[in-house]
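Chemist: Have a look at this one before I ask anything.
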Amino acid sequence: MVMVGMQGRGVAVTGAQYGIDVLIGKGSAQEDDNGRLHAAFIGGEDHSSSVLRVGLLGCGNIGFLIAAHADGFEVAALYDQAPGLAPELAGRCGGTAYDSFETFVSADVDLVVEAASPAAVRVYGEAVLRAGKDLVVMSVGALADPAVLGRLREAAIASGRRVRIPSGAVMGLDNLKIGRIGGIDRLVLRTTKNPASLGLTVAERVLVFKGRAEECVRAFPKNINVSAAIAIAAGQEIEVELWADPTVDRNIHEIFAEGPFGDACLQVRNVPSPDNPATSYLAALSVLTLLRDLSEPIVVGT
């Protein structure tokens, strides 16, 4: 990240549209559960759960990577609407595959990782929370819809659970949270991808979308989750530019922010996931880090 200058003043924003508390479902049940989990993780008196038990909602590319690199947690339950995927992955990781969402969400797990699609977040997200499980959302583009975000936030609060959003394909989300307090005057995301990952055929670099995050996610639901994550982190709307460039072989995200803190620009050049070029490998690594760090007694980052 390059930080330049300290000029410019802005008006503080509340971020109410994006639900500032979306990452934290409040309630004594959550506090008690966190205490139990962390006591077990770090050697406290309660050893009733020594390993974090994870449920995988979606057993595609990211689900396979999570199961293959489980460290500090175990994949205990798996569900996917596509026949055969959950049993195949369960056979590799030792978890239990379920043939219905109802039995899956009732399984003995501490949290559920959604690694399926924006539609899965909309259809199943609230049910996961109300079943007493934390929810990790990979298809964060679904939360660009204020109605979906609001429903998940209400369900998290009512159930005393949390909705966790990994950093995904970008870095610097923790610092963008300052927008909720100090304000950000201008926030821009410029994403460049190979046209094949967008389902397009172009001969030269071309701007295929410019506008709000919600509109971009609607047009490209599997390609621009980053925009929704940035908007939620900063607590405000962002400007989004999506470019198709046949000369690039990486997913490139550039973030520009200006505010009372100064100016910042960040560029991330991600290697596409081997089995799904629409997804960055970094996105899968970010959820693995999130799950691992749940057991850490010292947490770094805002």
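Letters A, B, ... go to the chains of the structure tokens in the order shown; residues in each chain start at 1; ligands are counted from 1 in the same order.
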Could you find all residues in stretch 46-183 of chain A that DSSP calls alpha helix (DSSP H) from the backbone, and write them as a PyMOL selection string?
Modeler: chain A and resi 61-68+85-93+101-105+118-130+146-159+173-176
Chemist: Could you give me, as number ranges by chain, the residues within 6 Å of stretch 67-80 of chain A, counting only C-alpha atoms and dropping anything in the same chain fewer than 3 positions from it?
Modeler: A: 51-59, 64, 86, 95-98, 292
Chemist: Deliver the residues from the most recent selection as a file, using N, CA, C and O atoms, as a CSV table (one decimal), in the first residue's frame.
Modeler:
chain,number,residue,atom,x,y,z
A,51,VAL,N,-11.4,-28.7,18.8
A,51,VAL,CA,-11.2,-28.4,17.4
A,51,VAL,C,-12.5,-27.7,16.8
A,51,VAL,O,-13.6,-28.2,17.1
A,52,LEU,N,-12.3,-26.6,16.1
A,52,LEU,CA,-13.4,-26.0,15.4
A,52,LEU,C,-14.0,-26.9,14.4
A,52,LEU,O,-13.3,-27.4,13.5
A,53,ARG,N,-15.3,-27.1,14.5
A,53,ARG,CA,-16.0,-27.9,13.5
A,53,ARG,C,-16.7,-27.1,12.5
A,53,ARG,O,-17.5,-26.2,12.8
A,54,VAL,N,-16.4,-27.3,11.2
A,54,VAL,CA,-16.9,-26.5,10.1
A,54,VAL,C,-17.8,-27.2,9.2
A,54,VAL,O,-17.6,-28.4,8.9
A,55,GLY,N,-18.9,-26.6,8.8
A,55,GLY,CA,-19.8,-27.1,7.8
A,55,GLY,C,-19.5,-26.4,6.5
A,55,GLY,O,-19.4,-25.2,6.4
A,56,LEU,N,-19.4,-27.1,5.4
A,56,LEU,CA,-19.2,-26.5,4.1
A,56,LEU,C,-20.5,-26.5,3.3
A,56,LEU,O,-21.1,-27.6,3.0
A,57,LEU,N,-21.0,-25.3,3.0
A,57,LEU,CA,-22.2,-25.2,2.1
A,57,LEU,C,-21.7,-24.8,0.7
A,57,LEU,O,-21.4,-23.7,0.4
A,58,GLY,N,-21.5,-25.8,-0.1
A,58,GLY,CA,-20.9,-25.7,-1.4
A,58,GLY,C,-19.6,-26.5,-1.4
A,58,GLY,O,-18.7,-26.2,-0.6
A,59,CYS,N,-19.5,-27.4,-2.4
A,59,CYS,CA,-18.3,-28.3,-2.4
A,59,CYS,C,-17.6,-28.2,-3.8
A,59,CYS,O,-17.2,-29.2,-4.3
A,64,PHE,N,-13.2,-27.4,-2.0
A,64,PHE,CA,-12.1,-28.4,-2.1
A,64,PHE,C,-10.9,-27.9,-1.5
A,64,PHE,O,-10.1,-28.6,-0.8
A,86,ALA,N,-20.8,-33.4,-2.7
A,86,ALA,CA,-20.6,-33.5,-1.2
A,86,ALA,C,-20.0,-34.9,-0.8
A,86,ALA,O,-19.0,-35.0,0.0
A,95,GLY,N,-15.4,-36.0,6.5
A,95,GLY,CA,-16.6,-35.4,7.0
A,95,GLY,C,-17.8,-36.2,6.6
A,95,GLY,O,-17.7,-37.2,5.9
A,96,THR,N,-19.0,-35.7,7.0
A,96,THR,CA,-20.3,-36.3,6.6
A,96,THR,C,-21.0,-35.5,5.6
A,96,THR,O,-21.2,-34.3,5.8
A,97,ALA,N,-21.4,-36.2,4.5
A,97,ALA,CA,-22.1,-35.5,3.5
A,97,ALA,C,-23.6,-35.7,3.8
A,97,ALA,O,-24.1,-36.7,4.2
A,98,TYR,N,-24.4,-34.6,3.6
A,98,TYR,CA,-25.8,-34.6,3.8
A,98,TYR,C,-26.6,-34.4,2.5
A,98,TYR,O,-26.1,-33.6,1.6
A,292,ARG,N,-8.3,-20.3,10.6
A,292,ARG,CA,-7.2,-20.6,11.4
A,292,ARG,C,-7.1,-19.6,12.6
A,292,ARG,O,-6.8,-19.9,13.7
Chemist: For atom CA of A:Ala116 and atom CA of A:Asn223, quote the distance in Å rounded to one decimal.
Modeler: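 Distance between the two atoms: 13.4 Å.
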Chemist: Rounded to one decimal, what separation in Å do you get between atom CA of A:Ala233 and atom CA of A:Val123?
Modeler: 23.2 Å
Chemist: Restricting the calculation to only C-alpha atoms: of A:Cys93, A:Ala169, A:Val202, A:Val226, which residue gets closest to A:Arg250?
Modeler: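 Nearest to A:Arg250: A:Ala169.
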Chemist: Near A:Asn175, counting only C-alpha atoms, which residues have an atom at most 10 Å away, once you skip same-chain residues fewer than 6 positions from it, shown as a compact mmCIF listing (two decimals) with N, CA and C atoms, in the first residue's frame?
Modeler:
# COMPACT_ATOMS: atom_id res chain seq x y z
N ALA A 233 -17.10 -2.79 4.30
CA ALA A 233 -16.01 -2.42 5.20
C ALA A 233 -16.00 -0.91 5.44
N ALA A 234 -16.14 -0.12 4.38
CA ALA A 234 -16.07 1.33 4.50
C ALA A 234 -17.37 1.94 5.01
N GLY A 301 -4.89 -6.55 13.30
CA GLY A 301 -5.76 -5.86 12.35
C GLY A 301 -6.88 -5.14 13.05
N THR A 302 -7.38 -4.08 12.41
CA THR A 302 -8.43 -3.25 13.00
C THR A 302 -9.74 -4.03 13.12
Chemist: Leaving out stretch 189-192 of chain A and any residue of its chain fewer than 2 positions from it, which residues lie within 10 Å of it when counting only C-alpha atoms, given as JSON, numbers by chain?
Modeler: {"A": [187, 194, 195, 205, 206, 207, 208, 209, 210, 213, 223, 224, 226, 227, 230, 231, 238, 239, 240, 241, 242, 243, 244, 245, 246, 248, 249, 250, 251, 252, 253, 254, 255, 256, 257, 265, 266, 267, 268, 269]}
Chemist: Just to confirm, what's the straight-line distance from atom CA of A:Lys222 to atom CA of A:Ala120 in Å (one decimal)?
Modeler: 12.5 Å
Chemist: Give the strand (DSSP E or B) residues of stretch 30-202 of chain A, as DSSP finds them on the backbone, and put them as an NGL selection string.
Modeler: :A and (52-57 or 73-79 or 96-97 or 111-114 or 134-137 or 163-164 or 186-193)
Chemist: Residues of the last selection are to be written out with N, CA and C atoms, as a JSON list (two decimals), in the first residue's frame.
Modeler:
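Output file selection03.json is given in full below:
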[["chain", "number", "residue", "atom", "x", "y", "z"],
["A", 52, "LEU", "N", -12.28, -26.64, 16.07],
["A", 52, "LEU", "CA", -13.39, -25.96, 15.45],
["A", 52, "LEU", "C", -14.00, -26.87, 14.38],
["A", 53, "ARG", "N", -15.29, -27.09, 14.46],
["A", 53, "ARG", "CA", -16.00, -27.94, 13.51],
["A", 53, "ARG", "C", -16.71, -27.07, 12.48],
["A", 54, "VAL", "N", -16.39, -27.30, 11.22],
["A", 54, "VAL", "CA", -16.87, -26.45, 10.13],
["A", 54, "VAL", "C", -17.81, -27.22, 9.22],
["A", 55, "GLY", "N", -18.87, -26.56, 8.79],
["A", 55, "GLY", "CA", -19.76, -27.10, 7.78],
["A", 55, "GLY", "C", -19.53, -26.39, 6.47],
["A", 56, "LEU", "N", -19.43, -27.13, 5.38],
["A", 56, "LEU", "CA", -19.21, -26.55, 4.05],
["A", 56, "LEU", "C", -20.53, -26.52, 3.28],
["A", 57, "LEU", "N", -21.01, -25.33, 2.99],
["A", 57, "LEU", "CA", -22.19, -25.16, 2.14],
["A", 57, "LEU", "C", -21.69, -24.80, 0.74],
["A", 73, "PHE", "N", -8.79, -26.67, 12.24],
["A", 73, "PHE", "CA", -10.24, -26.91, 12.20],
["A", 73, "PHE", "C", -10.49, -28.19, 11.41],
["A", 74, "GLU", "N", -11.68, -28.73, 11.52],
["A", 74, "GLU", "CA", -12.04, -29.90, 10.73],
["A", 74, "GLU", "C", -13.34, -29.65, 9.97],
["A", 75, "VAL", "N", -13.39, -30.14, 8.75],
["A", 75, "VAL", "CA", -14.61, -30.06, 7.96],
["A", 75, "VAL", "C", -15.47, -31.26, 8.36],
["A", 76, "ALA", "N", -16.53, -31.00, 9.12],
["A", 76, "ALA", "CA", -17.32, -32.08, 9.71],
["A", 76, "ALA", "C", -18.60, -32.37, 8.94],
["A", 77, "ALA", "N", -19.13, -31.38, 8.20],
["A", 77, "ALA", "CA", -20.40, -31.56, 7.49],
["A", 77, "ALA", "C", -20.31, -30.89, 6.13],
["A", 78, "LEU", "N", -20.94, -31.50, 5.13],
["A", 78, "LEU", "CA", -20.86, -30.97, 3.77],
["A", 78, "LEU", "C", -22.21, -31.09, 3.08],
["A", 79, "TYR", "N", -22.54, -30.05, 2.29],
["A", 79, "TYR", "CA", -23.79, -30.09, 1.51],
["A", 79, "TYR", "C", -23.60, -29.31, 0.22],
["A", 96, "THR", "N", -18.99, -35.69, 6.98],
["A", 96, "THR", "CA", -20.25, -36.34, 6.65],
["A", 96, "THR", "C", -21.00, -35.53, 5.60],
["A", 97, "ALA", "N", -21.38, -36.19, 4.51],
["A", 97, "ALA", "CA", -22.15, -35.52, 3.46],
["A", 97, "ALA", "C", -23.64, -35.67, 3.77],
["A", 111, "LEU", "N", -19.60, -23.44, 12.89],
["A", 111, "LEU", "CA", -19.91, -22.42, 11.89],
["A", 111, "LEU", "C", -20.03, -23.06, 10.52],
["A", 112, "VAL", "N", -20.67, -22.31, 9.62],
["A", 112, "VAL", "CA", -20.85, -22.78, 8.25],
["A", 112, "VAL", "C", -20.16, -21.82, 7.30],
["A", 113, "VAL", "N", -19.37, -22.37, 6.38],
["A", 113, "VAL", "CA", -18.73, -21.58, 5.34],
["A", 113, "VAL", "C", -19.56, -21.71, 4.07],
["A", 114, "GLU", "N", -20.12, -20.60, 3.61],
["A", 114, "GLU", "CA", -20.82, -20.59, 2.32],
["A", 114, "GLU", "C", -19.78, -20.44, 1.23],
["A", 134, "ASP", "N", -22.45, -19.64, 13.33],
["A", 134, "ASP", "CA", -21.88, -18.48, 12.65],
["A", 134, "ASP", "C", -21.84, -18.77, 11.16],
["A", 135, "LEU", "N", -21.84, -17.71, 10.35],
["A", 135, "LEU", "CA", -21.85, -17.86, 8.91],
["A", 135, "LEU", "C", -20.68, -17.11, 8.30],
["A", 136, "VAL", "N", -19.85, -17.80, 7.53],
["A", 136, "VAL", "CA", -18.78, -17.18, 6.76],
["A", 136, "VAL", "C", -19.25, -17.08, 5.32],
["A", 137, "VAL", "N", -19.27, -15.86, 4.79],
["A", 137, "VAL", "CA", -19.81, -15.63, 3.44],
["A", 137, "VAL", "C", -18.67, -15.41, 2.46],
["A", 163, "VAL", "N", -21.88, -12.91, 11.31],
["A", 163, "VAL", "CA", -21.63, -13.09, 9.89],
["A", 163, "VAL", "C", -20.21, -12.62, 9.64],
["A", 164, "ARG", "N", -19.37, -13.50, 9.17],
["A", 164, "ARG", "CA", -17.96, -13.18, 8.96],
["A", 164, "ARG", "C", -17.67, -13.09, 7.45],
["A", 186, "ARG", "N", -13.72, 9.93, -1.23],
["A", 186, "ARG", "CA", -13.79, 9.26, -2.54],
["A", 186, "ARG", "C", -13.25, 7.85, -2.40],
["A", 187, "LEU", "N", -13.98, 6.88, -2.94],
["A", 187, "LEU", "CA", -13.59, 5.48, -2.85],
["A", 187, "LEU", "C", -13.91, 4.82, -4.18],
["A", 188, "VAL", "N", -12.86, 4.35, -4.85],
["A", 188, "VAL", "CA", -13.00, 3.79, -6.19],
["A", 188, "VAL", "C", -12.36, 2.41, -6.26],
["A", 189, "LEU", "N", -13.06, 1.47, -6.89],
["A", 189, "LEU", "CA", -12.49, 0.16, -7.20],
["A", 189, "LEU", "C", -12.42, 0.02, -8.71],
["A", 190, "ARG", "N", -11.22, -0.26, -9.21],
["A", 190, "ARG", "CA", -11.03, -0.53, -10.64],
["A", 190, "ARG", "C", -10.53, -1.96, -10.78],
["A", 191, "THR", "N", -11.35, -2.81, -11.37],
["A", 191, "THR", "CA", -11.00, -4.22, -11.54],
["A", 191, "THR", "C", -10.78, -4.53, -13.02],
["A", 192, "THR", "N", -9.70, -5.24, -13.31],
["A", 192, "THR", "CA", -9.39, -5.66, -14.68],
["A", 192, "THR", "C", -9.25, -7.17, -14.72],
["A", 193, "LYS", "N", -9.97, -7.81, -15.64],
["A", 193, "LYS", "CA", -9.91, -9.26, -15.76],
["A", 193, "LYS", "C", -9.80, -9.65, -17.23]]
Chemist: Neighbours of A:Asp185 within 7 Å (only C-alpha atoms; same-chain residues fewer than 2 positions away dropped), as a list in words?
Modeler: Gly10, Gly183, Leu187, Glu258 and Gly259 of chain A
Chemist: Restricting the output to N, CA and C atoms, write the selected residues as a PDB file, in the first residue's frame.
Modeler:
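Below is the file that was written, selection.pdb:
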ATOM      1  N   GLY A  10     -13.222  15.470   4.966  1.00  0.00           N
ATOM      2  CA  GLY A  10     -14.455  14.854   4.515  1.00  0.00           C
ATOM      3  C   GLY A  10     -15.519  14.902   5.586  1.00  0.00           C
ATOM      4  N   GLY A 183     -14.635   9.149   7.927  1.00  0.00           N
ATOM      5  CA  GLY A 183     -15.164   9.529   6.624  1.00  0.00           C
ATOM      6  C   GLY A 183     -14.168   9.311   5.500  1.00  0.00           C
ATOM      7  N   LEU A 187     -13.985   6.882  -2.937  1.00  0.00           N
ATOM      8  CA  LEU A 187     -13.588   5.484  -2.845  1.00  0.00           C
ATOM      9  C   LEU A 187     -13.907   4.816  -4.179  1.00  0.00           C
ATOM     10  N   GLU A 258      -9.627   8.488  -0.683  1.00  0.00           N
ATOM     11  CA  GLU A 258      -9.223   9.827  -0.254  1.00  0.00           C
ATOM     12  C   GLU A 258     -10.114  10.249   0.906  1.00  0.00           C
ATOM     13  N   GLY A 259      -9.511  10.862   1.920  1.00  0.00           N
ATOM     14  CA  GLY A 259     -10.297  11.314   3.064  1.00  0.00           C
ATOM     15  C   GLY A 259      -9.455  12.097   4.038  1.00  0.00           C
TER      16      GLY A 259
END
